[in-house]
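The structure file my_file_29.txt is reproduced below (compact mmCIF, C-alpha atoms).
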# COMPACT_ATOMS: atom_id res chain seq x y z
CA MET A 88 -10.09 0.12 -26.91
CA GLU A 89 -8.35 1.52 -30.00
CA LEU A 90 -5.34 2.51 -27.89
CA ILE A 91 -5.29 -0.95 -26.30
CA LYS A 92 -5.58 -2.70 -29.67
CA ARG A 93 -2.67 -0.73 -31.12
CA PHE A 94 -0.53 -1.63 -28.11
CA LEU A 95 -1.40 -5.32 -28.44
CA GLN A 96 -0.59 -5.31 -32.15
CA GLN A 97 2.63 -3.34 -31.73
CA HIS A 98 4.00 -5.77 -29.16
CA ARG A 99 2.43 -8.88 -30.76
CA ILE A 100 0.72 -9.76 -27.49
CA THR A 101 -0.72 -13.26 -27.33
CA GLU A 102 -2.08 -13.22 -23.78
CA ILE A 103 -3.44 -10.67 -21.32
CA GLU A 104 -3.43 -10.64 -17.53
CA CYS A 105 -6.74 -9.10 -16.43
CA LEU A 106 -5.93 -7.80 -12.93
CA VAL A 107 -8.15 -6.69 -10.06
CA PRO A 108 -6.60 -5.59 -6.73
CA ASP A 109 -8.45 -7.19 -3.83
CA MET A 110 -8.78 -5.85 -0.29
CA THR A 111 -5.44 -7.28 0.78
CA GLY A 112 -3.71 -5.66 -2.21
CA ASN A 113 -3.21 -8.97 -4.03
CA ALA A 114 -3.81 -9.42 -7.75
CA ARG A 115 -6.92 -11.40 -8.65
CA GLY A 116 -8.20 -11.93 -12.16
CA LYS A 117 -7.83 -14.18 -15.17
CA PHE A 118 -5.68 -14.79 -18.25
CA LEU A 119 -7.28 -14.17 -21.63
CA PRO A 120 -5.95 -14.87 -25.13
CA THR A 121 -5.70 -11.62 -27.06
CA ARG A 122 -8.33 -12.68 -29.57
CA LYS A 123 -10.79 -13.48 -26.78
CA PHE A 124 -10.13 -10.15 -25.08
CA ILE A 125 -10.64 -8.11 -28.25
CA GLY A 126 -13.94 -9.88 -28.85
CA ASP A 127 -15.09 -9.36 -25.24
CA PRO A 128 -13.05 -6.59 -23.58
CA GLU A 129 -15.17 -6.58 -20.41
CA PRO A 130 -14.76 -9.98 -18.73
CA ARG A 131 -16.49 -10.88 -15.50
CA LEU A 132 -15.43 -12.06 -12.08
CA PRO A 133 -17.46 -13.07 -9.01
CA GLU A 134 -17.75 -10.16 -6.60
CA SER A 135 -16.86 -12.45 -3.70
CA ILE A 136 -13.15 -12.19 -4.62
CA LEU A 137 -13.24 -8.67 -3.21
CA VAL A 138 -14.01 -9.98 0.28
CA GLN A 139 -11.55 -12.87 0.39
CA THR A 140 -9.06 -12.92 3.25
CA VAL A 141 -5.29 -13.26 2.91
CA THR A 142 -5.69 -16.93 3.87
CA GLY A 143 -8.26 -17.55 1.13
CA ASP A 144 -11.24 -17.63 3.48
CA TRP A 145 -14.23 -15.30 3.77
CA ALA A 146 -15.75 -13.20 6.51
CA GLU A 147 -18.56 -14.71 8.57
CA GLU A 148 -20.94 -12.06 7.20
CA HIS A 149 -20.10 -13.07 3.61
CA ASP A 150 -23.71 -13.35 2.44
CA ASP A 151 -24.55 -9.94 3.90
CA LEU A 152 -21.52 -8.26 2.31
CA VAL A 153 -22.02 -9.58 -1.22
CA HIS A 154 -25.00 -11.12 -2.98
CA PRO A 155 -25.66 -14.62 -1.57
CA ALA A 156 -25.86 -15.94 -5.14
CA ASP A 157 -22.21 -14.91 -5.66
CA ARG A 158 -23.06 -12.84 -8.72
CA ASP A 159 -20.62 -11.44 -11.22
CA MET A 160 -19.04 -8.01 -11.59
CA ALA A 161 -18.29 -6.41 -14.94
CA LEU A 162 -14.62 -5.56 -15.41
CA VAL A 163 -13.81 -2.39 -17.34
CA PRO A 164 -10.18 -2.02 -18.54
CA ASP A 165 -8.29 1.16 -17.67
CA GLU A 166 -6.08 1.83 -20.68
CA THR A 167 -3.69 3.94 -18.57
CA THR A 168 -2.62 0.77 -16.73
CA LEU A 169 -1.70 -1.17 -19.87
CA ARG A 170 1.81 -2.57 -19.51
CA LEU A 171 3.98 -5.42 -20.67
CA VAL A 172 4.66 -8.40 -18.42
CA PRO A 173 8.39 -8.49 -19.07
CA TRP A 174 9.04 -11.75 -17.19
CA ALA A 175 6.45 -13.78 -19.13
CA LYS A 176 7.75 -16.41 -21.59
CA GLU A 177 5.22 -15.42 -24.26
CA PRO A 178 4.42 -11.79 -25.26
CA THR A 179 2.00 -10.86 -22.46
CA ALA A 180 0.29 -7.64 -21.41
CA GLN A 181 -1.28 -6.68 -18.09
CA ILE A 182 -4.25 -4.38 -17.53
CA ILE A 183 -5.83 -3.28 -14.26
CA PHE A 184 -9.62 -3.38 -14.45
CA ASP A 185 -12.25 -1.37 -12.64
CA CYS A 186 -15.09 -3.35 -11.07
CA HIS A 187 -18.68 -2.38 -11.87
CA ASN A 188 -21.99 -3.58 -10.49
CA MET A 189 -23.74 -5.63 -13.18
CA GLU A 190 -27.23 -4.35 -12.30
CA THR A 191 -26.52 -0.63 -11.92
CA ASP A 192 -23.32 -0.29 -14.02
CA GLN A 193 -21.97 1.83 -11.17
CA PRO A 194 -18.48 1.41 -9.69
CA HIS A 195 -18.52 -1.50 -7.26
CA GLU A 196 -18.40 -0.25 -3.65
CA LEU A 197 -16.08 -3.03 -2.47
CA SER A 198 -13.31 -2.37 -4.98
CA SER A 199 -10.30 -0.76 -3.26
CA ARG A 200 -9.45 1.10 -6.49
CA ASN A 201 -12.94 2.57 -6.52
CA VAL A 202 -12.56 3.62 -2.87
CA LEU A 203 -9.52 5.72 -3.81
CA LYS A 204 -11.46 7.22 -6.73
CA ARG A 205 -14.28 8.07 -4.32
CA VAL A 206 -11.91 10.00 -2.04
CA LEU A 207 -10.22 11.78 -4.96
CA LYS A 208 -13.62 13.01 -6.18
CA LEU A 209 -14.19 14.73 -2.83
CA PHE A 210 -11.05 16.80 -3.42
CA ASP A 211 -12.03 17.45 -7.03
CA ASP A 212 -15.37 18.84 -5.83
CA GLU A 213 -13.38 21.26 -3.65
CA GLY A 214 -11.27 22.41 -6.61
CA LEU A 215 -8.19 20.58 -5.30
CA THR A 216 -5.89 17.98 -6.83
CA PRO A 217 -3.90 15.75 -4.45
CA VAL A 218 -0.30 14.94 -5.36
CA ILE A 219 1.49 12.09 -3.62
CA ALA A 220 4.85 10.34 -3.62
CA PRO A 221 5.20 6.91 -2.00
CA GLU A 222 8.37 5.44 -0.53
CA VAL A 223 8.26 1.64 -0.32
CA GLU A 224 10.58 -0.50 1.80
CA PHE A 225 11.17 -4.23 1.45
CA TYR A 226 13.57 -6.96 2.53
CA LEU A 227 15.55 -9.42 0.45
CA VAL A 228 15.70 -12.75 2.27
CA GLN A 229 16.91 -16.28 1.72
CA LYS A 230 14.32 -18.72 0.43
CA ASN A 231 12.20 -19.91 3.32
CA LEU A 232 10.41 -23.19 2.59
CA ASP A 233 9.41 -23.90 6.18
CA PRO A 234 7.51 -21.08 7.97
CA ASP A 235 8.68 -22.44 11.34
CA TYR A 236 12.19 -21.17 10.58
CA GLU A 237 13.14 -17.50 10.98
CA LEU A 238 14.02 -15.42 7.93
CA LYS A 239 17.66 -14.71 7.11
CA PRO A 240 19.30 -12.14 4.82
CA PRO A 241 20.55 -13.57 1.52
CA VAL A 242 24.18 -14.06 0.52
CA GLY A 243 25.52 -11.20 -1.59
CA ARG A 244 28.22 -11.05 -4.27
CA SER A 245 30.92 -11.33 -1.61
CA GLY A 246 29.62 -14.75 -0.62
CA ARG A 247 28.58 -13.47 2.80
CA ALA A 248 25.29 -12.36 4.29
CA GLU A 249 24.98 -9.00 6.03
CA SER A 250 25.65 -9.18 9.76
CA ALA A 251 25.27 -5.48 10.67
CA ARG A 252 23.02 -2.59 9.72
CA GLN A 253 24.09 -0.71 6.62
CA SER A 254 21.94 2.45 6.43
CA TYR A 255 22.49 4.28 3.13
CA SER A 256 25.54 2.13 2.34
CA ILE A 257 26.43 2.15 -1.37
CA ASP A 258 28.61 -0.94 -1.07
CA ALA A 259 25.83 -2.84 0.70
CA VAL A 260 23.50 -2.13 -2.22
CA ASN A 261 26.22 -3.22 -4.65
CA GLU A 262 26.27 -6.59 -2.89
CA PHE A 263 22.94 -7.18 -4.66
CA GLU A 264 23.80 -5.41 -7.92
CA PRO A 265 22.55 -8.23 -10.21
CA ILE A 266 19.19 -8.23 -8.43
CA ILE A 267 18.88 -4.43 -8.46
CA ASP A 268 19.82 -4.30 -12.15
CA THR A 269 17.07 -6.80 -12.96
CA LEU A 270 14.57 -4.86 -10.85
CA TYR A 271 15.32 -1.55 -12.57
CA SER A 272 15.18 -3.20 -15.98
CA LEU A 273 11.77 -4.74 -15.32
CA CYS A 274 10.47 -1.46 -13.87
CA ASP A 275 11.73 0.45 -16.90
CA ARG A 276 10.02 -1.92 -19.33
CA GLN A 277 6.76 -1.40 -17.44
CA GLU A 278 7.24 2.40 -17.32
CA LEU A 279 7.09 2.50 -13.54
CA ASP A 280 8.13 5.97 -12.39
CA VAL A 281 10.68 4.82 -9.82
CA ASP A 282 13.31 7.25 -8.62
CA THR A 283 16.03 6.58 -6.07
CA LEU A 284 16.92 3.33 -4.32
CA ILE A 285 18.73 3.20 -0.99
CA HIS A 286 19.80 0.60 1.51
CA GLU A 287 17.68 1.01 4.61
CA SER A 288 18.55 0.23 8.23
CA GLY A 289 17.74 -3.48 8.26
CA LYS A 290 19.90 -6.31 6.94
CA ALA A 291 19.26 -6.47 3.16
CA GLN A 292 16.43 -3.95 3.56
CA MET A 293 15.90 -1.63 0.59
CA GLU A 294 13.73 1.42 -0.11
CA ILE A 295 12.51 2.59 -3.50
CA ASN A 296 11.10 6.09 -4.00
CA PHE A 297 8.58 7.04 -6.66
CA HIS A 298 8.35 10.41 -8.41
CA HIS A 299 5.43 12.50 -7.16
CA GLY A 300 2.24 12.48 -9.19
CA ASP A 301 -1.38 11.39 -9.46
CA PRO A 302 -2.50 9.24 -6.49
CA LEU A 303 -4.41 6.66 -8.56
CA SER A 304 -1.56 6.21 -11.03
CA LEU A 305 0.97 5.82 -8.22
CA ALA A 306 -1.24 3.34 -6.35
CA ASP A 307 -1.35 1.31 -9.57
CA GLN A 308 2.42 1.54 -9.85
CA VAL A 309 3.04 0.40 -6.28
CA PHE A 310 0.64 -2.50 -6.89
CA VAL A 311 2.63 -3.50 -10.00
CA PHE A 312 5.99 -2.80 -8.32
CA LYS A 313 5.32 -5.30 -5.53
CA ARG A 314 4.61 -8.05 -8.08
CA THR A 315 7.71 -7.04 -10.03
CA THR A 316 9.99 -7.09 -6.98
CA ARG A 317 8.84 -10.53 -5.91
CA GLU A 318 9.34 -11.82 -9.47
CA THR A 319 12.82 -10.28 -9.58
CA ALA A 320 13.77 -12.08 -6.39
CA PHE A 321 12.44 -15.40 -7.73
CA GLN A 322 14.66 -15.02 -10.78
CA HIS A 323 17.66 -14.75 -8.46
CA ASP A 324 16.60 -17.68 -6.26
CA ILE A 325 15.72 -15.58 -3.20
CA TYR A 326 12.58 -13.96 -1.80
CA ALA A 327 11.51 -10.33 -1.55
CA THR A 328 9.02 -9.55 1.19
CA PHE A 329 6.85 -6.54 1.94
CA MET A 330 5.76 -8.01 5.26
CA SER A 331 5.78 -5.17 7.74
CA LYS A 332 8.01 -6.82 10.38
CA PRO A 333 9.68 -9.89 8.88
CA MET A 334 12.56 -10.28 11.37
CA GLU A 335 12.46 -9.93 15.14
CA GLU A 336 15.62 -7.86 15.64
CA GLU A 337 15.36 -5.74 12.48
CA PRO A 338 13.34 -2.56 11.78
CA GLY A 339 9.98 -2.88 10.07
CA SER A 340 9.23 -1.92 6.49
CA SER A 341 7.04 1.11 5.80
CA MET A 342 5.31 2.81 2.90
CA HIS A 343 5.65 6.51 3.67
CA ILE A 344 3.25 8.73 1.70
CA HIS A 345 4.18 12.34 0.87
CA GLN A 346 1.08 14.45 0.18
CA SER A 347 0.35 17.94 -1.10
CA LEU A 348 -2.67 19.69 -2.64
CA ILE A 349 -2.76 21.75 -5.83
CA ASP A 350 -5.37 24.42 -6.55
CA LYS A 351 -6.97 23.39 -9.85
CA LYS A 352 -7.42 26.97 -11.08
CA SER A 353 -4.09 28.54 -10.17
CA GLY A 354 -1.90 25.42 -10.16
CA ASN A 355 -0.38 26.53 -6.86
CA ASN A 356 0.41 24.34 -3.88
CA VAL A 357 -2.20 25.33 -1.28
CA PHE A 358 -0.03 24.11 1.59
CA ALA A 359 2.17 27.22 1.27
CA ASN A 360 1.32 30.92 1.48
CA LYS A 361 2.74 33.42 -1.02
CA ASP A 362 5.62 34.18 1.33
CA GLY A 363 6.45 30.47 1.59
CA SER A 364 5.09 30.03 5.10
CA HIS A 365 2.82 27.13 6.01
CA SER A 366 -0.82 27.77 5.15
CA ASP A 367 -3.92 27.14 7.23
CA LYS A 368 -4.83 24.36 4.79
CA LEU A 369 -1.61 22.51 5.60
CA LEU A 370 -2.25 22.88 9.33
CA HIS A 371 -5.86 21.73 8.98
CA PHE A 372 -4.74 18.78 6.85
CA ILE A 373 -2.26 17.80 9.57
CA GLY A 374 -4.96 18.32 12.19
CA GLY A 375 -7.18 15.86 10.36
CA LEU A 376 -4.38 13.30 10.18
CA GLN A 377 -3.79 13.70 13.91
CA ARG A 378 -7.45 13.30 14.81
CA TYR A 379 -8.35 10.42 12.48
CA SER A 380 -5.18 8.39 11.88
CA ALA A 381 -5.82 6.14 14.88
CA ALA A 382 -9.16 5.16 13.32
CA ALA A 383 -7.44 4.73 9.94
CA MET A 384 -4.73 2.43 11.28
CA ALA A 385 -6.63 -0.61 10.03
CA PHE A 386 -5.79 0.65 6.52
CA PHE A 387 -2.22 1.75 7.34
CA ALA A 388 -1.44 -1.46 9.26
CA PRO A 389 -3.85 -3.99 7.77
CA ASN A 390 -2.29 -7.26 8.95
CA VAL A 391 -1.63 -8.81 12.33
CA ASN A 392 2.14 -8.66 11.77
CA ALA A 393 2.06 -4.90 11.05
CA TYR A 394 1.68 -3.96 14.72
CA ARG A 395 5.06 -5.47 15.58
CA ARG A 396 6.58 -2.57 13.64
CA PHE A 397 5.35 0.10 16.08
CA THR A 398 8.07 -0.28 18.67
CA PRO A 399 9.65 2.81 20.29
CA GLU A 400 13.13 3.76 19.10
CA ILE A 401 13.16 1.43 16.08
CA ALA A 402 12.39 3.93 13.29
CA ALA A 403 8.60 3.71 13.47
CA PRO A 404 6.13 6.25 14.90
CA VAL A 405 4.24 5.34 18.05
CA ASN A 406 2.12 8.46 18.52
CA LEU A 407 0.29 11.17 16.59
CA GLU A 408 2.84 13.98 16.87
CA TRP A 409 4.04 16.05 13.93
CA GLY A 410 7.19 18.05 13.32
CA ILE A 411 9.30 19.99 10.85
CA ASP A 412 11.85 17.63 9.26
CA ASN A 413 11.47 15.34 12.27
CA ARG A 414 11.71 11.63 11.43
CA THR A 415 10.71 10.55 14.93
CA THR A 416 7.15 11.82 14.38
CA GLY A 417 4.39 10.04 12.52
CA LEU A 418 3.63 13.18 10.50
CA ARG A 419 6.68 14.97 9.09
CA VAL A 420 6.81 18.19 7.09
CA PRO A 421 10.14 18.13 5.19
CA LEU A 422 12.12 21.31 4.64
CA SER A 423 11.41 22.29 1.05
CA PRO A 424 10.68 25.17 -1.34
CA ALA A 425 7.14 26.57 -1.13
CA GLU A 426 5.98 24.75 -4.26
CA ALA A 427 7.09 21.42 -2.76
CA THR A 428 5.52 21.91 0.70
CA ARG A 429 4.06 18.60 1.78
CA VAL A 430 3.31 16.36 4.73
CA GLU A 431 4.75 12.86 4.97
CA ASN A 432 2.55 10.22 6.56
CA ARG A 433 4.93 7.72 8.17
CA PHE A 434 2.27 5.38 9.60
CA PRO A 435 1.54 3.01 6.67
CA GLY A 436 3.46 -0.25 6.47
CA ALA A 437 4.86 -1.79 3.30
CA ASP A 438 2.20 -4.49 3.59
CA ALA A 439 -0.65 -1.99 3.16
CA ASN A 440 -2.92 -2.06 0.15
CA PRO A 441 -1.61 1.07 -1.65
CA TYR A 442 -5.07 2.13 -2.83
CA LEU A 443 -6.52 2.00 0.67
CA ALA A 444 -3.52 3.49 2.48
CA ILE A 445 -3.46 6.47 0.12
CA ALA A 446 -7.24 6.83 0.25
CA ALA A 447 -7.32 6.71 4.06
CA SER A 448 -4.46 9.19 4.43
CA LEU A 449 -6.13 11.66 2.08
CA ALA A 450 -9.48 11.04 3.78
CA CYS A 451 -8.04 12.04 7.16
CA GLY A 452 -6.59 15.22 5.65
CA TYR A 453 -9.87 15.96 3.88
CA LEU A 454 -11.80 15.76 7.16
CA GLY A 455 -9.26 18.11 8.70
CA LEU A 456 -9.81 20.63 5.89
CA LYS A 457 -13.59 20.45 6.10
CA GLN A 458 -13.66 20.71 9.89
CA LYS A 459 -10.76 23.21 10.10
CA ILE A 460 -9.03 21.09 12.73
CA GLN A 461 -6.07 22.78 14.38
CA PRO A 462 -3.04 20.55 14.99
CA THR A 463 -0.93 20.47 18.11
CA GLU A 464 2.34 22.36 18.27
CA PRO A 465 5.11 20.69 16.26
CA VAL A 466 7.62 18.57 18.17
CA GLU A 467 11.22 19.71 17.82
CA GLY A 468 13.08 16.91 19.59
CA ASN A 469 12.72 13.15 19.87
CA SER A 470 9.01 12.29 19.92
CA TYR A 471 9.35 8.62 20.85
CA GLY A 472 7.55 8.24 24.13
CA GLU A 473 3.93 7.59 24.97
CA VAL A 474 2.37 5.02 22.65
CA GLN A 475 -0.86 6.50 21.30
CA LEU A 476 -1.49 4.14 18.39
CA PRO A 477 -3.51 0.93 18.59
CA ARG A 478 -1.25 -2.10 19.15
CA THR A 479 -3.37 -4.81 17.51
CA LEU A 480 -5.46 -5.21 14.38
CA GLU A 481 -8.51 -5.95 16.52
CA GLU A 482 -8.15 -2.65 18.38
CA SER A 483 -7.73 -0.76 15.09
CA LEU A 484 -10.86 -2.30 13.66
CA ARG A 485 -12.79 -1.26 16.75
CA LEU A 486 -11.58 2.34 16.43
CA LEU A 487 -12.55 2.36 12.74
CA ASP A 488 -16.02 1.08 13.57
CA GLU A 489 -16.42 3.89 16.13
CA CYS A 490 -15.52 6.65 13.64
CA PRO A 491 -18.61 7.61 11.58
CA GLU A 492 -16.79 10.46 9.80
CA LEU A 493 -14.11 8.23 8.30
CA LYS A 494 -16.64 5.50 7.49
CA GLN A 495 -18.73 7.99 5.53
CA VAL A 496 -15.77 9.22 3.48
CA MET A 497 -14.45 5.74 2.71
CA GLY A 498 -17.92 4.26 2.16
CA GLU A 499 -19.94 2.64 4.93
CA HIS A 500 -20.65 -0.61 3.07
CA PHE A 501 -17.01 -0.91 2.10
CA VAL A 502 -15.82 -0.32 5.67
CA ARG A 503 -18.25 -2.94 6.94
CA ALA A 504 -16.90 -5.46 4.41
CA TYR A 505 -13.29 -4.52 5.10
CA THR A 506 -13.82 -4.89 8.84
CA GLY A 507 -15.39 -8.31 8.30
CA VAL A 508 -12.46 -9.51 6.20
CA LYS A 509 -9.82 -8.24 8.62
CA GLN A 510 -11.68 -9.52 11.67
CA ALA A 511 -11.70 -12.97 10.07
CA GLU A 512 -7.94 -12.72 9.53
CA PHE A 513 -7.40 -11.67 13.13
CA GLU A 514 -9.44 -14.60 14.46
CA ALA A 515 -7.51 -17.04 12.23
CA PHE A 516 -4.21 -15.68 13.58
CA ASN A 517 -5.47 -15.74 17.17
CA ARG A 518 -6.06 -19.49 16.96
CA VAL A 519 -2.36 -20.16 16.31
CA ILE A 520 -0.20 -20.99 19.35
CA SER A 521 3.26 -19.44 18.96
CA SER A 522 6.67 -20.89 19.84
CA TRP A 523 7.05 -18.11 22.46
CA GLU A 524 4.00 -19.40 24.31
CA ARG A 525 5.30 -22.98 24.24
CA GLU A 526 8.74 -21.88 25.41
CA HIS A 527 7.76 -19.58 28.26
CA LEU A 528 4.31 -20.78 29.39
CA LEU A 529 4.31 -24.54 28.82
CA LEU A 530 6.03 -25.42 32.13
CA SER A 531 6.12 -22.05 33.87
CA VAL A 532 2.50 -21.14 34.60

The structure given in the file should be rewritten as structure tokens.
Amino acid sequence: MELIKRFLQQHRITEIECLVPDMTGNARGKFLPTRKFIGDPEPRLPESILVQTVTGDWAEEHDDLVHPADRDMALVPDETTLRLVPWAKEPTAQIIFDCHNMETDQPHELSSRNVLKRVLKLFDDEGLTPVIAPEVEFYLVQKNLDPDYELKPPVGRSGRAESARQSYSIDAVNEFEPIIDTLYSLCDRQELDVDTLIHESGKAQMEINFHHGDPLSLADQVFVFKRTTRETAFQHDIYATFMSKPMEEEPGSSMHIHQSLIDKKSGNNVFANKDGSHSDKLLHFIGGLQRYSAAAMAFFAPNVNAYRRFTPEIAAPVNLEWGIDNRTTGLRVPLSPAEATRVENRFPGADANPYLAIAASLACGYLGLKQKIQPTEPVEGNSYGEVQLPRTLEESLRLLDECPELKQVMGEHFVRAYTGVKQAEFEAFNRVISSWEREHLLLSV
């Protein structure tokens, strides 16, 4: 608290955003005046917010997932997440809080941040420290006030909207220079460790890369970055979306996760042998990702829209193959020096909760290490072909429910709650009749 108090005094903070990431990756919480926060630095929130769907509803099993009396959780501030809110009109700070059970004072099982901590402890017990680097894609789009209308790319500095794909185009990025400048400025003021920005394949689709580092810190940063990017777009009278597949004819948006493991004693990357060759631990980690990623897809692709991204030949993996510097595979090992040897998980979408996507990816690798799972042979050519991944959220949830190993690592009560929330979202979506159905089935069947 002393560190937090000094920060609040230094920046003359008058208000604090107390943030809790929910299962969907959205920010829940409350605003507190600084004086109130200093007097009571552990506010409370009802635990039911952790099992709220993206539509604001709850799972049918709500009373079995949380206490039927809708009791409170204690919120404990993590001082490492203390940042300014640079777009606020008054001096405002933001802090991400950990959720604790009021009766036991233990970390709350349904908190996605606590799930990631749970997985990281398993590696710590093995004397290993995971290092990750996320790459997050998003689209800039025109304001869309009526969801019945399709999304369109925004008008750039030239006065025209993009009409063709502009992969890695410098001039295409410069079309949105005022927006990008604002984004980098807001990220810098929040000390987000962002690295390069590129124009991706889609119209007005961008990708931001983060420097590699601690998984929990980077999950926090992705969580904050998404809020920051949406706010940046609002300031420029457009939208920014992390929806996995926002436009029918354009590629989807992903959140690729680069992963390596460091030996705590030696500080060496255990994915490489002394001669620089790939170690058994790397192969076992890949083997675990191959065996368990299908069951983890509910975390990598957590929304009904996410499964539209997995279409052959449109820059998204459709099977469980791996390869050396092969972007057509779901699991890619980039060419790199021994100390930077890593595996890139290309399954997660940009819409994924960063805490859960990172936790699930590491959990799959952990199971591979513990079970010494051997991977298949790496694919050298184009791996697009047979679709091996689940194609709907409902199918993914079923595979997760049938995987006791992954449920144990992620937490059985948490997985049950997560499945309930996502099943409720699927059923809500399934009740909606689409324009495609009206166009092609109304008078034709």

With stretch 488-512 of chain A as the partner and 8 Å as the cut-off, tabulate the residues of stretch 132-243 of chain A that qualify, each row holding the nearest pair of atoms and their distance in Å to one decimal, using only C-alpha atoms, sorted by chain and rising number, as a Markdown table.
| residue | atom | partner | partner_atom | distance |
| --- | --- | --- | --- | --- |
| A:Val138 | CA | A:Val508 | CA | 6.1 |
| A:Gln139 | CA | A:Val508 | CA | 6.8 |
| A:Thr140 | CA | A:Val508 | CA | 5.6 |
| A:Val141 | CA | A:Glu512 | CA | 7.2 |
| A:Thr142 | CA | A:Glu512 | CA | 7.4 |
| A:Trp145 | CA | A:Val508 | CA | 6.5 |
| A:Ala146 | CA | A:Val508 | CA | 5.0 |
| A:Glu147 | CA | A:Gly507 | CA | 7.1 |
| A:Glu148 | CA | A:Gly507 | CA | 6.8 |
| A:Leu152 | CA | A:Ala504 | CA | 5.8 |
| A:Glu196 | CA | A:Phe501 | CA | 6.0 |
| A:Leu197 | CA | A:Phe501 | CA | 5.1 |
| A:Val202 | CA | A:Met497 | CA | 6.3 |
| A:Arg205 | CA | A:Met497 | CA | 7.4 |
| A:Val206 | CA | A:Val496 | CA | 6.8 |

(request) Pick out the residues sitting within 12 Å of A:Arg314, and hand them over as a list in words; count only C-alpha atoms, and ignore anything fewer than 2 positions along from it in its own chain. (result)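 That gives Leu106, Pro108, Gly112, Asn113, Ala114, Val172, Pro173, Trp174, Gln181, Leu270, Leu273, Cys274, Gln277, Asp307, Gln308, Val309, Phe310, Val311, Phe312, Thr316, Arg317, Glu318, Thr319, Ala320, Phe321, Tyr326, Ala327, Thr328 and Phe329 of chain A.
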
Could you save the residues just selected, with C-alpha atoms, as an mmCIF file, keeping the file's coordinate frame?
data_model
loop_
_atom_site.group_PDB
_atom_site.id
_atom_site.type_symbol
_atom_site.label_atom_id
_atom_site.label_comp_id
_atom_site.auth_asym_id
_atom_site.auth_seq_id
_atom_site.Cartn_x
_atom_site.Cartn_y
_atom_site.Cartn_z
ATOM 1 C CA LEU A 106 -5.930 -7.800 -12.930
ATOM 2 C CA PRO A 108 -6.600 -5.590 -6.730
ATOM 3 C CA GLY A 112 -3.710 -5.660 -2.210
ATOM 4 C CA ASN A 113 -3.210 -8.970 -4.030
ATOM 5 C CA ALA A 114 -3.810 -9.420 -7.750
ATOM 6 C CA VAL A 172 4.660 -8.400 -18.420
ATOM 7 C CA PRO A 173 8.390 -8.490 -19.070
ATOM 8 C CA TRP A 174 9.040 -11.750 -17.190
ATOM 9 C CA GLN A 181 -1.280 -6.680 -18.090
ATOM 10 C CA LEU A 270 14.570 -4.860 -10.850
ATOM 11 C CA LEU A 273 11.770 -4.740 -15.320
ATOM 12 C CA CYS A 274 10.470 -1.460 -13.870
ATOM 13 C CA GLN A 277 6.760 -1.400 -17.440
ATOM 14 C CA ASP A 307 -1.350 1.310 -9.570
ATOM 15 C CA GLN A 308 2.420 1.540 -9.850
ATOM 16 C CA VAL A 309 3.040 0.400 -6.280
ATOM 17 C CA PHE A 310 0.640 -2.500 -6.890
ATOM 18 C CA VAL A 311 2.630 -3.500 -10.000
ATOM 19 C CA PHE A 312 5.990 -2.800 -8.320
ATOM 20 C CA THR A 316 9.990 -7.090 -6.980
ATOM 21 C CA ARG A 317 8.840 -10.530 -5.910
ATOM 22 C CA GLU A 318 9.340 -11.820 -9.470
ATOM 23 C CA THR A 319 12.820 -10.280 -9.580
ATOM 24 C CA ALA A 320 13.770 -12.080 -6.390
ATOM 25 C CA PHE A 321 12.440 -15.400 -7.730
ATOM 26 C CA TYR A 326 12.580 -13.960 -1.800
ATOM 27 C CA ALA A 327 11.510 -10.330 -1.550
ATOM 28 C CA THR A 328 9.020 -9.550 1.190
ATOM 29 C CA PHE A 329 6.850 -6.540 1.940
#

(request) Tell me which protein, DNA and RNA residues are within 10 Å of A:Lys457, counting only C-alpha atoms, leaving out same-chain ones fewer than 2 positions away, and put them as a PyMOL selection string. (result) chain A and resi 213+368+371-372+375+452-455+459-460

(message) Just to confirm, what's the straight-line distance from atom CA of A:Pro465 to atom CA of A:His345 in Å (one decimal)?
(response)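 One can read the atom CA of A:Pro465 to atom CA of A:His345 distance as 17.5 Å.
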
(message) For stretch 250-254 of chain A, find every residue with an atom within 9 Å (counting only C-alpha atoms), except residues of its own chain fewer than 6 positions away, and show them as a ChimeraX atom specification.
(response) /A:240,260,285-292,337

(request) Compile the contact shell of stretch 404-414 of chain A as a count of residues only: residues with an atom at most 10 Å away, counting all atoms listed in the file, same-chain residues fewer than 2 positions apart removed. (result) 46

(message) Taking only C-alpha atoms into account, name the residue in A:Met110, A:Leu215, A:Val532, A:Leu348 that is nearest to A:Ala439.
(response)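 Once distances to A:Ala439 are computed over only C-alpha atoms, the minimum belongs to A:Met110.
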
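With all atoms listed in the file as the basis for measurement, A:Ile103 is the residue among A:Ile103, A:Glu134, A:Phe358, A:Lys92 that approaches A:Leu119 most closely.
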
(request) List every protein, DNA or RNA residue that has an atom no more than 8 Å from (-7.8, -2.9, -13.8) in the file's coordinate frame, counting only C-alpha atoms, and report them as a count of residues only. (result) 14

(message) Quick check, in Å to one decimal: how far apart do atom CA of A:Ala161 and atom CA of A:Thr191 lie?
(response) 10.5 Å

(request) Would you mind reading off the distance between atom CA of A:Tyr394 and atom CA of A:Leu456, one decimal, in Å? (result)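 These atoms are spaced 28.5 Å apart.
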
(request) Go through A:Leu486, A:Ile219, A:Val242, A:Ile520 and flag the residue nearest A:His299, using all atoms listed in the file for the distances. (result)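 Distance minimum relative to A:His299 lands on A:Ile219.
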
(message) Using all atoms listed in the file, can you tell me which of A:Leu305, A:Glu336, A:Leu90, A:Pro128 comes closest to A:Lys239?
(response)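 Selected residue with least distance to A:Lys239: A:Glu336.
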